[in-house]
Amino acid sequence: MPNTIHIPTPLRPFTDKKESVEVSGATVGELLKDLTTRHDGLKKHLYTDEGRLRNFVNVYLNDEDIRYLQKEQTPVKPGDQLSIVPSVAGGSSDDLRN
Amino acid sequence: MTSATDVDLPTLDAEEIKRYSRHLIMPEVGMDGQRKIKAGSVLCIGAGGLGSPAAMYLAAAGVGRIGIVDFDVVDYSNLQRQLLHTTNDVGRTKLESAKNKINALNPHVQVETYEEALSSDNAMRLFKGYDVILDGTDNFPTRYLVNDACVLMGIPNAYGSIFRFEGQASVFATKDGPCYRCLYPEPPPPGLVPSCAEGGVLGVLPGVIGVIQATESIKLLTGIGQPLIGRFLIYDALNMKFRELKLRKDPDCPVCGTHPTVTKLIDYDQFCGIVQPAQDHSAGATVSATEITPVELKKKLDTGETPFILDVREPNEYQINKIPGSTLIPLGELPRRYQELPRDRQIVAHCKMGGRSAKAQDFLKTVGFTDVLNLKGGILEWVDKVDPSQPKY
């Protein structure tokens, strides 16, 4: 049974604008791998060149930060939802200058 | 805050009692709560999208002292969401405009304005004496600066952040709660997480998030309810969904952990990997060998040269204004579409102001393009210097 990964707005350009993606796997790491296989462009935003999850990208299994579970080895059950939550700085969005 | 004894709290006069009557008749606030609000102070960092609704509601609620740090001037493009400012205020400083509105709304509020950019040098001085800091800034260095100063001074941070139609809110830096660094130990390197390329914001979004920040500030001042501590609220305006994630205090946090390594304010631009300020590509900065000015580009085109003009903005921006003959490939699509670009012609990349096109330039070099120039100042400078008939945004 597939699991759902919620894609945050800043990363949706890399998932064909999809807000969530159905993926399958037995652990958080496997779900993320399935996601980046389906949407190759996400890889460099989520992983370092050495293949480690970037530390400004937070991943939640349901409402819990995977850093406080078993990280990418955390097992997933059918129906569990994964969320990617990157840091966002905007306050007035006048910063289109960048 | 809640530690003030009854005797220390200011009293309310007859006009104030009438004004705050809808608070006073609620047992959760009541006379004591209203006097705590009056005794309270909140410092808003920024009088923009988040700071506007927050400051207005804080003023209406009767917060005794509201400070605002801002150094910006009201622009037409602010009016779609920054309700403190009106059409007549365009061109005035945001501080002047904000103070004016708050005074009109509630003359009992003492408004303190600080016309300076928040920095490691002034943050502690500005924060001193405030009960709550309301962070409505728009960039990572200031986010970390506000967080660290709040932790070091023991002042809670009513945090809010917005992006297009998604918002985030939490309360950081309370005595036992997590801080922003527990959530995000490090900022993303500039350019990796797409930000402004996908910019813009739904005008009502900062209204929701800013008012959540104001709500949390008032709860902190009065000590009522369950503050948003250890919880991270995510709001999706398009789908009208709120989600809540658990936030934990990280014992290894460099600033609020058990063995902190950050014990004073640092250089936050450096921490965030920002080598030079973004303003550097505005008028006055020197033109580097990989840049071309709009006037030079116009000259090139007039003399019959045919550089390939690559616009890396979003389609919506392209609808507003464009350089004739340019080809639109948004920055985010470039990695899978760069094959569409000619290898035998010079490429001039541009965006709104030059930031995104600099990233495009870097990317194109990595895939073997050798002759790529970045249009200095972007389409805005093109409109200013070459084609004023086109609108700006």
# chains A, B, ... in the order shown; residues from 1 in each chain; ligands from 1
>>> closest_atom_pairs(of="chain A", to="chain B", cutoff="12 Å", atoms="only C-alpha atoms", output="JSON lines")
{"residue": "A:His6", "atom": "CA", "partner": "B:Arg243", "partner_atom": "CA", "distance": 11.1}
{"residue": "A:Ile7", "atom": "CA", "partner": "B:Glu166", "partner_atom": "CA", "distance": 11.5}
{"residue": "A:Pro8", "atom": "CA", "partner": "B:Glu166", "partner_atom": "CA", "distance": 8.2}
{"residue": "A:Thr9", "atom": "CA", "partner": "B:Glu166", "partner_atom": "CA", "distance": 7.0}
{"residue": "A:Pro10", "atom": "CA", "partner": "B:Pro194", "partner_atom": "CA", "distance": 5.9}
{"residue": "A:Leu11", "atom": "CA", "partner": "B:Pro194", "partner_atom": "CA", "distance": 7.3}
{"residue": "A:Arg12", "atom": "CA", "partner": "B:Glu198", "partner_atom": "CA", "distance": 9.7}
{"residue": "A:Pro13", "atom": "CA", "partner": "B:Gly332", "partner_atom": "CA", "distance": 6.5}
{"residue": "A:Phe14", "atom": "CA", "partner": "B:Gly332", "partner_atom": "CA", "distance": 7.6}
{"residue": "A:Thr15", "atom": "CA", "partner": "B:Gly332", "partner_atom": "CA", "distance": 11.0}
{"residue": "A:Asp16", "atom": "CA", "partner": "B:Glu333", "partner_atom": "CA", "distance": 10.2}
{"residue": "A:Lys17", "atom": "CA", "partner": "B:Gly332", "partner_atom": "CA", "distance": 11.4}
{"residue": "A:Glu19", "atom": "CA", "partner": "B:Asn239", "partner_atom": "CA", "distance": 9.9}
{"residue": "A:His39", "atom": "CA", "partner": "B:Arg336", "partner_atom": "CA", "distance": 11.8}
{"residue": "A:Asp40", "atom": "CA", "partner": "B:Arg336", "partner_atom": "CA", "distance": 10.2}
{"residue": "A:Gly41", "atom": "CA", "partner": "B:Pro335", "partner_atom": "CA", "distance": 8.1}
{"residue": "A:Leu42", "atom": "CA", "partner": "B:Val193", "partner_atom": "CA", "distance": 10.2}
{"residue": "A:Lys43", "atom": "CA", "partner": "B:Leu192", "partner_atom": "CA", "distance": 11.4}
{"residue": "A:Lys44", "atom": "CA", "partner": "B:Leu192", "partner_atom": "CA", "distance": 8.3}
{"residue": "A:His45", "atom": "CA", "partner": "B:Leu192", "partner_atom": "CA", "distance": 6.5}
{"residue": "A:Leu46", "atom": "CA", "partner": "B:Val193", "partner_atom": "CA", "distance": 9.3}
{"residue": "A:Tyr47", "atom": "CA", "partner": "B:Leu192", "partner_atom": "CA", "distance": 11.1}
{"residue": "A:Thr48", "atom": "CA", "partner": "B:Leu192", "partner_atom": "CA", "distance": 11.0}
{"residue": "A:Arg54", "atom": "CA", "partner": "B:Pro188", "partner_atom": "CA", "distance": 8.6}
{"residue": "A:Asn55", "atom": "CA", "partner": "B:Glu186", "partner_atom": "CA", "distance": 6.8}
{"residue": "A:Phe56", "atom": "CA", "partner": "B:Tyr184", "partner_atom": "CA", "distance": 5.6}
{"residue": "A:Val57", "atom": "CA", "partner": "B:Tyr184", "partner_atom": "CA", "distance": 7.9}
{"residue": "A:Asn58", "atom": "CA", "partner": "B:Tyr184", "partner_atom": "CA", "distance": 7.7}
{"residue": "A:Val59", "atom": "CA", "partner": "B:Leu245", "partner_atom": "CA", "distance": 10.3}
{"residue": "A:Tyr60", "atom": "CA", "partner": "B:Leu245", "partner_atom": "CA", "distance": 7.6}
{"residue": "A:Leu61", "atom": "CA", "partner": "B:Leu245", "partner_atom": "CA", "distance": 9.4}
{"residue": "A:Asn62", "atom": "CA", "partner": "B:Leu245", "partner_atom": "CA", "distance": 7.9}
{"residue": "A:Asp63", "atom": "CA", "partner": "B:Leu245", "partner_atom": "CA", "distance": 4.4}
{"residue": "A:Glu64", "atom": "CA", "partner": "B:Lys246", "partner_atom": "CA", "distance": 5.6}
{"residue": "A:Asp65", "atom": "CA", "partner": "B:Lys246", "partner_atom": "CA", "distance": 6.9}
{"residue": "A:Ile66", "atom": "CA", "partner": "B:Lys246", "partner_atom": "CA", "distance": 10.6}
{"residue": "A:Arg67", "atom": "CA", "partner": "B:Arg248", "partner_atom": "CA", "distance": 10.0}
{"residue": "A:Tyr68", "atom": "CA", "partner": "B:Arg248", "partner_atom": "CA", "distance": 8.5}
{"residue": "A:Leu69", "atom": "CA", "partner": "B:Arg248", "partner_atom": "CA", "distance": 11.9}
{"residue": "A:Gln81", "atom": "CA", "partner": "B:Arg243", "partner_atom": "CA", "distance": 11.9}
{"residue": "A:Leu82", "atom": "CA", "partner": "B:Leu245", "partner_atom": "CA", "distance": 11.2}
{"residue": "A:Ser83", "atom": "CA", "partner": "B:Leu245", "partner_atom": "CA", "distance": 9.5}
{"residue": "A:Ile84", "atom": "CA", "partner": "B:Leu245", "partner_atom": "CA", "distance": 11.1}
{"residue": "A:Val85", "atom": "CA", "partner": "B:Ile234", "partner_atom": "CA", "distance": 9.1}
{"residue": "A:Pro86", "atom": "CA", "partner": "B:Val193", "partner_atom": "CA", "distance": 8.1}
{"residue": "A:Ser87", "atom": "CA", "partner": "B:Tyr184", "partner_atom": "CA", "distance": 7.0}
{"residue": "A:Val88", "atom": "CA", "partner": "B:Ser161", "partner_atom": "CA", "distance": 6.4}
{"residue": "A:Ala89", "atom": "CA", "partner": "B:Asn139", "partner_atom": "CA", "distance": 5.0}
{"residue": "A:Gly90", "atom": "CA", "partner": "B:Asp138", "partner_atom": "CA", "distance": 4.1}
{"residue": "A:Gly91", "atom": "CA", "partner": "B:Asp138", "partner_atom": "CA", "distance": 4.3}
{"residue": "A:Ser92", "atom": "CA", "partner": "B:Gly49", "partner_atom": "CA", "distance": 4.3}
{"residue": "A:Ser93", "atom": "CA", "partner": "B:Gly200", "partner_atom": "CA", "distance": 6.2}
{"residue": "A:Asp94", "atom": "CA", "partner": "B:Asp138", "partner_atom": "CA", "distance": 7.7}
{"residue": "A:Asp95", "atom": "CA", "partner": "B:Cys196", "partner_atom": "CA", "distance": 6.8}
{"residue": "A:Leu96", "atom": "CA", "partner": "B:Cys196", "partner_atom": "CA", "distance": 5.0}
{"residue": "A:Arg97", "atom": "CA", "partner": "B:Met353", "partner_atom": "CA", "distance": 5.4}
{"residue": "A:Asn98", "atom": "CA", "partner": "B:Gly355", "partner_atom": "CA", "distance": 4.3}
>>> atom_distance(atom1="CA of Gly67 in chain B", atom2="CA of Leu118 in chain B")
12.8 Å
>>> atom_distance(atom1="CA of Ala360 in chain B", atom2="CA of Ile323 in chain B")
17.2 Å
>>> select_by_dssp(residues="chain A", states="helix (DSSP H, G or I)", output="PDB file with C-alpha atoms, in the first residue's frame")
ATOM      1  CA  THR A   9       5.587  24.765  -2.049  1.00  0.00           C
ATOM      2  CA  PRO A  10       9.258  25.602  -2.715  1.00  0.00           C
ATOM      3  CA  LEU A  11       9.938  22.068  -3.967  1.00  0.00           C
ATOM      4  CA  ARG A  12       6.830  21.644  -6.119  1.00  0.00           C
ATOM      5  CA  PRO A  13       8.576  22.836  -9.296  1.00  0.00           C
ATOM      6  CA  PHE A  14      10.473  19.553  -9.072  1.00  0.00           C
ATOM      7  CA  THR A  15       7.388  17.337  -8.727  1.00  0.00           C
ATOM      8  CA  VAL A  28      11.451   6.505   5.543  1.00  0.00           C
ATOM      9  CA  GLY A  29      14.678   6.235   3.527  1.00  0.00           C
ATOM     10  CA  GLU A  30      13.045   3.923   0.994  1.00  0.00           C
ATOM     11  CA  LEU A  31      10.082   6.280   0.568  1.00  0.00           C
ATOM     12  CA  LEU A  32      12.413   9.203  -0.056  1.00  0.00           C
ATOM     13  CA  LYS A  33      14.449   7.142  -2.492  1.00  0.00           C
ATOM     14  CA  ASP A  34      11.288   6.209  -4.377  1.00  0.00           C
ATOM     15  CA  LEU A  35      10.348   9.901  -4.454  1.00  0.00           C
ATOM     16  CA  THR A  36      13.679  11.010  -5.907  1.00  0.00           C
ATOM     17  CA  THR A  37      13.552   8.178  -8.444  1.00  0.00           C
ATOM     18  CA  ARG A  38      10.189   9.418  -9.642  1.00  0.00           C
ATOM     19  CA  ASP A  40      14.972  13.179 -10.240  1.00  0.00           C
ATOM     20  CA  GLY A  41      15.209  16.986  -9.929  1.00  0.00           C
ATOM     21  CA  LEU A  42      14.504  16.762  -6.193  1.00  0.00           C
ATOM     22  CA  LYS A  43      17.628  14.781  -5.447  1.00  0.00           C
ATOM     23  CA  LYS A  44      20.075  17.653  -5.161  1.00  0.00           C
ATOM     24  CA  HIS A  45      17.658  19.593  -2.990  1.00  0.00           C
ATOM     25  CA  LEU A  46      17.216  16.756  -0.501  1.00  0.00           C
ATOM     26  CA  ILE A  66      12.521  11.591  11.990  1.00  0.00           C
ATOM     27  CA  ARG A  67      15.662  12.889  13.745  1.00  0.00           C
ATOM     28  CA  TYR A  68      13.933  11.801  16.977  1.00  0.00           C
ATOM     29  CA  LYS A  71      16.037   8.749  11.058  1.00  0.00           C
ATOM     30  CA  GLU A  72      15.953   7.234   7.567  1.00  0.00           C
ATOM     31  CA  GLN A  73      15.798   3.729   9.005  1.00  0.00           C
TER      32      GLN A  73
END
>>> select_by_dssp(residues="range 75-126 of chain B", states="strand (DSSP E)", output="list in words")
Gln110, Val111, Glu112, Thr113 and Tyr114 of chain B
>>> atom_distance(atom1="CA of Thr27 in chain A", atom2="CA of Gly177 in chain B")
29.6 Å
>>> decode(residues="range 202-217 of chain B", atoms="N, CA and C atoms", output="PDB file, in the first residue's frame")
ATOM      1  N   LEU B 202       0.411  35.243  -1.676  1.00  0.00           N
ATOM      2  CA  LEU B 202      -1.015  35.514  -1.669  1.00  0.00           C
ATOM      3  C   LEU B 202      -1.266  36.591  -0.609  1.00  0.00           C
ATOM      4  N   GLY B 203      -1.883  37.691  -1.013  1.00  0.00           N
ATOM      5  CA  GLY B 203      -1.979  38.851  -0.124  1.00  0.00           C
ATOM      6  C   GLY B 203      -2.597  38.580   1.228  1.00  0.00           C
ATOM      7  N   VAL B 204      -3.568  37.678   1.297  1.00  0.00           N
ATOM      8  CA  VAL B 204      -4.231  37.414   2.582  1.00  0.00           C
ATOM      9  C   VAL B 204      -3.404  36.499   3.483  1.00  0.00           C
ATOM     10  N   LEU B 205      -2.418  35.796   2.907  1.00  0.00           N
ATOM     11  CA  LEU B 205      -1.645  34.833   3.707  1.00  0.00           C
ATOM     12  C   LEU B 205      -0.934  35.466   4.907  1.00  0.00           C
ATOM     13  N   PRO B 206      -0.168  36.565   4.704  1.00  0.00           N
ATOM     14  CA  PRO B 206       0.472  37.160   5.881  1.00  0.00           C
ATOM     15  C   PRO B 206      -0.544  37.660   6.906  1.00  0.00           C
ATOM     16  N   GLY B 207      -1.762  37.948   6.455  1.00  0.00           N
ATOM     17  CA  GLY B 207      -2.812  38.324   7.404  1.00  0.00           C
ATOM     18  C   GLY B 207      -3.052  37.201   8.393  1.00  0.00           C
ATOM     19  N   VAL B 208      -3.186  35.988   7.880  1.00  0.00           N
ATOM     20  CA  VAL B 208      -3.443  34.832   8.749  1.00  0.00           C
ATOM     21  C   VAL B 208      -2.250  34.583   9.667  1.00  0.00           C
ATOM     22  N   ILE B 209      -1.055  34.545   9.084  1.00  0.00           N
ATOM     23  CA  ILE B 209       0.124  34.193   9.882  1.00  0.00           C
ATOM     24  C   ILE B 209       0.479  35.319  10.863  1.00  0.00           C
ATOM     25  N   GLY B 210       0.415  36.569  10.408  1.00  0.00           N
ATOM     26  CA  GLY B 210       0.726  37.693  11.290  1.00  0.00           C
ATOM     27  C   GLY B 210      -0.237  37.755  12.472  1.00  0.00           C
ATOM     28  N   VAL B 211      -1.499  37.423  12.217  1.00  0.00           N
ATOM     29  CA  VAL B 211      -2.467  37.454  13.317  1.00  0.00           C
ATOM     30  C   VAL B 211      -2.236  36.276  14.276  1.00  0.00           C
ATOM     31  N   ILE B 212      -1.750  35.168  13.751  1.00  0.00           N
ATOM     32  CA  ILE B 212      -1.373  34.062  14.650  1.00  0.00           C
ATOM     33  C   ILE B 212      -0.216  34.529  15.553  1.00  0.00           C
ATOM     34  N   GLN B 213       0.734  35.239  14.973  1.00  0.00           N
ATOM     35  CA  GLN B 213       1.852  35.756  15.789  1.00  0.00           C
ATOM     36  C   GLN B 213       1.340  36.733  16.858  1.00  0.00           C
ATOM     37  N   ALA B 214       0.393  37.583  16.466  1.00  0.00           N
ATOM     38  CA  ALA B 214      -0.168  38.528  17.434  1.00  0.00           C
ATOM     39  C   ALA B 214      -0.931  37.783  18.528  1.00  0.00           C
ATOM     40  N   THR B 215      -1.669  36.747  18.124  1.00  0.00           N
ATOM     41  CA  THR B 215      -2.415  35.934  19.090  1.00  0.00           C
ATOM     42  C   THR B 215      -1.466  35.335  20.123  1.00  0.00           C
ATOM     43  N   GLU B 216      -0.378  34.756  19.618  1.00  0.00           N
ATOM     44  CA  GLU B 216       0.585  34.130  20.525  1.00  0.00           C
ATOM     45  C   GLU B 216       1.233  35.176  21.436  1.00  0.00           C
ATOM     46  N   SER B 217       1.491  36.358  20.891  1.00  0.00           N
ATOM     47  CA  SER B 217       2.084  37.420  21.713  1.00  0.00           C
ATOM     48  C   SER B 217       1.154  37.778  22.866  1.00  0.00           C
TER      49      SER B 217
END
